[in-house]
Amino acid sequence: MAGEQKQEMKLMSGGAVVALLLAILGLGVGAYRLVYGLGAVTNLSDQYPWGLWISFDVMAGVALAAGGFTTTFAAYVLGWKKYKAVVRPAVLTAFLGYTLVGVGLFFDVGKPWQLWHPIINWNPQSMLFEVAWCVMLYLTVLFLEFSPNLFEGMGSPGLAKFMRNPVVLFPLVIAGIILSFGHQNSLGGLFLLSSAKLSHLWWSPLMNYWFYLSAVAAGLAMVSFETIVSHRSFKMEQPLPMLDGLARGTAVALAVYLGARGADLAVRGNLGLIFSEGKAGPLFLIEVVGLVALAVFLYRWAVVALPIMTHEEVH
Amino acid sequence: MPKSVLVDLTRCIGCRGCQVACKSWNELSVVKTTITGSFENPPAMSETCYTRIRYQESEAGGKPVWNFVKEQCLHCKEPACASACPVGALVKTKSGAVAYDFDKCIGCRYCMVACPFEIPKYEWSKAQQPWVRKCTFCAERQADNLPPACVKTCPTGALLFGEADEVLAVAKKRLAADKKYTQSIYGEKEAGGTAWIYIADRPFAELGFNTKVPLEALPPLTWSSLSKIPMEIVGFVAVLGGLAWVRNRGPKGGE
């Protein structure tokens, strides 16, 4: 590829140095945690047994990996060929995202060396048991979905061709979509038990599905973001028809999410909680109106404006 | 038959003998505490304190009132923690105890998130063998036909240990016999019912009890979702398979 020389130079860029320093710092803190325990490196307490780490990385961060199943759904199940180009980076992102969740959890659980134990000690009553199995199985599926690229690089085109055979690929794609649903859905399901602890602005017997819907939107948005950044880095023209489609998809997913959340609150008579729950009300409004509704609006606007903007950037 | 304990708060004199007995029996280390302005000590349950007496200071009829509230794991009949645990390290035993198996525990702390009474505590300071800690209902004493250490120690009969149905009957009898009691039993219905139940002469909300705990068991909230998984998988395979087939028909489908 023509960009290879430039790519090597890019690795030494300022951003890469910052990332490298952060990684070294993270490894240091991680080692400290393994020697001195969670109490030494976190502010976790009996009142807050799960910290921001879990909220941002394991819950929200992993939604960014949802591009893996949304793009394979579009490209393979629906057969929309224009998304094929983005499947490879999206699946790689998902694979890296899920791997990082695993690495994060390794440092987060009290007994890292037993992180894999849901394989041998079963409790099918547990939502976290489902989360654990979905993560492990989906990570395997993602690896297999990405493996043709590895086989090509390793000089085994035969194996790559085998993995790309529809008879092998389609069951993998469908399994990946189901496992992603199971995972993103059950992350929300973790809090079904907490009906008395959570504000009912967020808690709902259907909240697991709302987690899934928001993950669809986040995954598509992440794929758009990566596409734009990578095409800029390699000084390639932006694939506008695809970006347009991704933006539409994100907007539709967010709008459906917004409608579903609103309907859920209205049907269950909980809209009044916005005014009666103290700080929760404004926070809810910031999240749902300030972020989701604003995003839907901006996405509709961006569908129109994007061609002009990227045209400017390329030249 | 599962065992149960009735805590009659009108009989508790706040001597904290139960706290000491619990520490001794479970060989829990002591921690340095400070004077907080109350006789209450320590200020909260922790990984080295499975039970304690909360000194509830309040006003009733213009006079200061002291109430003593024993805190410990309530040993739910259908424990949210046990349903939450991904590796089955917490289980409800036949004797009524919610038992913990450290060897199985992976330290995810979902039990702490799940518990409606915020009971399980974690050994945050330990790197090598961090345990989830909470009242064991003295399961090993019960196995030898002994009452829990705290019950054995209580000098005023505020703690009554026995067969669950008999203990509940005693509680109801006391409520019926003396109108000084608030006519409800905390733990009879909370979170689907608990092995430890309370009666008192004041409303439980005023005594610092969590009265927002749902009156039905919590595990079904997750199970209603989890039990749909087989159907969801069948549905997904049918819809996605159908879609993929319709959309990719042709000699070179997919590629």
# chains A, B, ... in the order shown; residues from 1 in each chain; ligands from 1
>>> closest_atom_pairs(of="chain A", to="chain B", cutoff="7 Å", atoms="only C-alpha atoms", output="CSV")
residue,atom,partner,partner_atom,distance
A:Leu34,CA,B:Ala127,CA,6.2
A:Val35,CA,B:Ala127,CA,6.0
A:Tyr36,CA,B:Ala127,CA,5.3
A:Gly37,CA,B:Ala127,CA,3.7
A:Leu38,CA,B:Trp124,CA,5.6
A:Gly39,CA,B:Trp124,CA,4.5
A:Ala40,CA,B:Ser125,CA,6.7
A:Asp46,CA,B:Lys121,CA,5.5
A:Pro49,CA,B:Arg109,CA,6.3
A:Tyr76,CA,B:Gly254,CA,6.2
A:Val77,CA,B:Ala244,CA,4.2
A:Leu78,CA,B:Arg247,CA,5.7
A:Gly79,CA,B:Arg247,CA,5.8
A:Val109,CA,B:Cys108,CA,4.8
A:Gly110,CA,B:Gly107,CA,4.0
A:Lys111,CA,B:Ile106,CA,5.1
A:Gln114,CA,B:Ile106,CA,5.6
A:Leu115,CA,B:Ile106,CA,6.2
A:His117,CA,B:Val87,CA,6.9
A:Pro118,CA,B:Val87,CA,5.4
A:Asn121,CA,B:Val87,CA,4.9
A:Trp122,CA,B:Val87,CA,5.3
A:Asn123,CA,B:Gly88,CA,5.3
A:Gln125,CA,B:Ser83,CA,5.4
A:Ser126,CA,B:Ala84,CA,4.6
A:Met127,CA,B:Ala84,CA,6.4
A:Leu128,CA,B:Pro86,CA,5.2
A:Phe129,CA,B:Pro86,CA,4.3
A:Pro166,CA,B:Gly254,CA,6.0
A:Ile174,CA,B:Leu240,CA,6.6
A:Ile178,CA,B:Phe236,CA,6.7
A:Gly189,CA,B:Thr222,CA,6.7
A:Leu192,CA,B:Thr222,CA,5.8
A:Leu193,CA,B:Leu218,CA,5.9
A:Ser194,CA,B:Ala114,CA,6.1
A:Ala196,CA,B:Val213,CA,5.7
>>> residues_around(residues="Cys22 in chain B", least_positions_apart="2", cutoff="9 Å", atoms="only C-alpha atoms", output="PyMOL selection string")
chain B and resi 17-20+24-28+49-51+135+138+148-150
>>> residues_around(residues="Ser199 in chain A", least_positions_apart="3", cutoff="8 Å", atoms="only C-alpha atoms", output="PyMOL selection string")
chain A and resi 195-196+202-203+277+280
>>> write_last_selection(atoms="C-alpha atoms", output="PDB file, in the first residue's frame")
ATOM      1  CA  SER A 195     -35.203  -1.939  41.313  1.00  0.00           C
ATOM      2  CA  ALA A 196     -35.110  -0.481  44.820  1.00  0.00           C
ATOM      3  CA  TRP A 202     -33.444   4.631  34.502  1.00  0.00           C
ATOM      4  CA  TRP A 203     -34.671   1.416  36.056  1.00  0.00           C
ATOM      5  CA  GLU A 277     -36.145  12.949  42.216  1.00  0.00           C
ATOM      6  CA  ALA A 280     -31.596  12.652  39.138  1.00  0.00           C
TER       7      ALA A 280
END
>>> atom_distance(atom1="CA of Gly290 in chain A", atom2="CA of Ala215 in chain A")
17.9 Å
>>> atom_distance(atom1="CA of Val101 in chain A", atom2="CA of Gly176 in chain A")
16.9 Å
>>> residues_around(residues="Thr71 in chain A", least_positions_apart="5", cutoff="9 Å", atoms="only C-alpha atoms", output="JSON, numbers by chain")
{"A": [66, 76, 83, 84, 86, 87, 90, 91, 219, 220, 223]}
>>> atom_distance(atom1="CA of Leu243 in chain A", atom2="CA of Tyr299 in chain A")
11.2 Å
>>> residues_around(residues="Leu273 in chain A", least_positions_apart="2", cutoff="12 Å", atoms="only C-alpha atoms", output="PyMOL selection string")
chain A and resi 199-203+265-266+268-271+275-285
>>> residues_around(residues="Ile185 in chain B", least_positions_apart="6", cutoff="7 Å", atoms="only C-alpha atoms", output="short mmCIF file (atom, residue, chain, number, x, y, z; two decimals) with N, CA and C atoms, in the first residue's frame")
data_model
loop_
_atom_site.label_atom_id
_atom_site.label_comp_id
_atom_site.auth_asym_id
_atom_site.auth_seq_id
_atom_site.Cartn_x
_atom_site.Cartn_y
_atom_site.Cartn_z
N ILE B 197 -36.20 -11.82 61.17
CA ILE B 197 -37.36 -10.93 61.15
C ILE B 197 -37.34 -10.05 62.39
N TYR B 198 -37.97 -8.88 62.29
CA TYR B 198 -37.91 -7.88 63.35
C TYR B 198 -39.31 -7.46 63.78
N ILE B 199 -39.47 -7.25 65.11
CA ILE B 199 -40.65 -6.54 65.59
C ILE B 199 -40.17 -5.40 66.48
#
>>> residues_around(residues="Gly245 in chain A", least_positions_apart="3", cutoff="10 Å", atoms="only C-alpha atoms", output="list in words")
Lys82, Tyr83, Leu220, Ser224, Leu240, Pro241, Met242, Arg248, Gly249, Thr250, Ala251 and Val303 of chain A
>>> closest_residue(among="A:Ala132, A:Met154, A:Ala63, A:Leu198", to="Met222 in chain A", atoms="only C-alpha atoms")
A:Ala63
>>> select_by_dssp(residues="range 71-132 of chain A", states="alpha helix (DSSP H)", output="PyMOL selection string")
chain A and resi 71-72+84-108+127-132
>>> select_by_dssp(residues="range 22-167 of chain B", states="strand (DSSP E)", output="PyMOL selection string")
chain B and resi 52-60+63-71+90-92+98-100+121-122+132-133+159-163
>>> write_last_selection(atoms="N, CA and C atoms", output="compact mmCIF listing (two decimals), in the first residue's frame")
# COMPACT_ATOMS: atom_id res chain seq x y z
N ARG B 52 -23.75 -5.53 64.21
CA ARG B 52 -23.54 -4.44 65.16
C ARG B 52 -24.89 -3.89 65.57
N ILE B 53 -24.87 -3.15 66.70
CA ILE B 53 -26.09 -2.51 67.15
C ILE B 53 -26.05 -1.05 66.72
N ARG B 54 -27.06 -0.67 65.94
CA ARG B 54 -27.17 0.74 65.57
C ARG B 54 -27.94 1.47 66.66
N TYR B 55 -27.38 2.57 67.15
CA TYR B 55 -28.04 3.35 68.18
C TYR B 55 -28.86 4.44 67.49
N GLN B 56 -30.14 4.19 67.41
CA GLN B 56 -31.02 5.09 66.68
C GLN B 56 -31.51 6.17 67.63
N GLU B 57 -30.95 7.36 67.49
CA GLU B 57 -31.37 8.46 68.36
C GLU B 57 -32.40 9.30 67.63
N SER B 58 -33.56 9.50 68.25
CA SER B 58 -34.59 10.30 67.60
C SER B 58 -35.49 10.92 68.66
N GLU B 59 -36.54 11.57 68.22
CA GLU B 59 -37.46 12.21 69.14
C GLU B 59 -38.84 11.63 68.95
N ALA B 60 -39.53 11.37 70.02
CA ALA B 60 -40.91 10.91 69.93
C ALA B 60 -41.69 11.58 71.05
N LYS B 63 -39.75 13.98 73.42
CA LYS B 63 -38.68 13.44 74.26
C LYS B 63 -37.64 12.71 73.42
N PRO B 64 -36.38 12.78 73.81
CA PRO B 64 -35.39 11.98 73.08
C PRO B 64 -35.60 10.50 73.33
N VAL B 65 -35.49 9.74 72.26
CA VAL B 65 -35.69 8.28 72.38
C VAL B 65 -34.49 7.55 71.80
N TRP B 66 -34.13 6.51 72.48
CA TRP B 66 -33.06 5.66 72.00
C TRP B 66 -33.65 4.33 71.55
N ASN B 67 -33.26 3.90 70.38
CA ASN B 67 -33.62 2.55 69.97
C ASN B 67 -32.36 1.83 69.52
N PHE B 68 -32.35 0.55 69.76
CA PHE B 68 -31.18 -0.24 69.39
C PHE B 68 -31.59 -1.23 68.30
N VAL B 69 -30.91 -1.15 67.19
CA VAL B 69 -31.29 -1.98 66.04
C VAL B 69 -30.13 -2.89 65.67
N LYS B 70 -30.37 -4.19 65.77
CA LYS B 70 -29.31 -5.13 65.40
C LYS B 70 -29.24 -5.24 63.88
N GLU B 71 -28.03 -5.11 63.37
CA GLU B 71 -27.82 -5.23 61.92
C GLU B 71 -26.98 -6.47 61.64
N LEU B 90 -22.34 -18.00 46.31
CA LEU B 90 -23.30 -17.75 47.38
C LEU B 90 -24.51 -18.65 47.13
N VAL B 91 -24.87 -19.43 48.15
CA VAL B 91 -26.04 -20.30 47.99
C VAL B 91 -26.91 -20.27 49.24
N LYS B 92 -28.19 -20.44 49.05
CA LYS B 92 -29.12 -20.54 50.16
C LYS B 92 -29.15 -22.00 50.59
N VAL B 98 -27.46 -18.07 54.09
CA VAL B 98 -26.91 -17.77 52.77
C VAL B 98 -25.40 -17.93 52.92
N ALA B 99 -24.90 -19.05 52.38
CA ALA B 99 -23.52 -19.43 52.64
C ALA B 99 -22.61 -18.97 51.50
N TYR B 100 -21.36 -18.70 51.85
CA TYR B 100 -20.37 -18.16 50.92
C TYR B 100 -19.21 -19.12 50.77
N LYS B 121 -19.72 -7.12 52.41
CA LYS B 121 -18.58 -6.19 52.46
C LYS B 121 -17.39 -6.86 51.80
N TYR B 122 -16.44 -6.04 51.36
CA TYR B 122 -15.31 -6.60 50.64
C TYR B 122 -14.00 -6.26 51.32
N VAL B 132 -15.39 -11.77 50.17
CA VAL B 132 -16.64 -11.08 50.48
C VAL B 132 -17.00 -11.51 51.89
N ARG B 133 -17.34 -10.55 52.74
CA ARG B 133 -17.59 -10.88 54.14
C ARG B 133 -19.00 -10.49 54.56
N LEU B 159 -33.19 -11.92 71.00
CA LEU B 159 -32.99 -12.77 69.83
C LEU B 159 -33.59 -14.15 70.11
N LEU B 160 -34.52 -14.55 69.24
CA LEU B 160 -35.14 -15.87 69.40
C LEU B 160 -34.85 -16.70 68.17
N PHE B 161 -34.16 -17.83 68.38
CA PHE B 161 -33.72 -18.68 67.29
C PHE B 161 -34.56 -19.95 67.27
N GLY B 162 -34.99 -20.40 66.10
CA GLY B 162 -35.75 -21.65 66.04
C GLY B 162 -36.23 -21.95 64.63
N GLU B 163 -37.14 -22.92 64.54
CA GLU B 163 -37.73 -23.26 63.25
C GLU B 163 -38.46 -22.04 62.70
>>> closest_residue(among="B:Pro42, B:Gly61, B:Gly157, B:Pro2", to="Trp196 in chain B", atoms="only C-alpha atoms")
B:Pro2
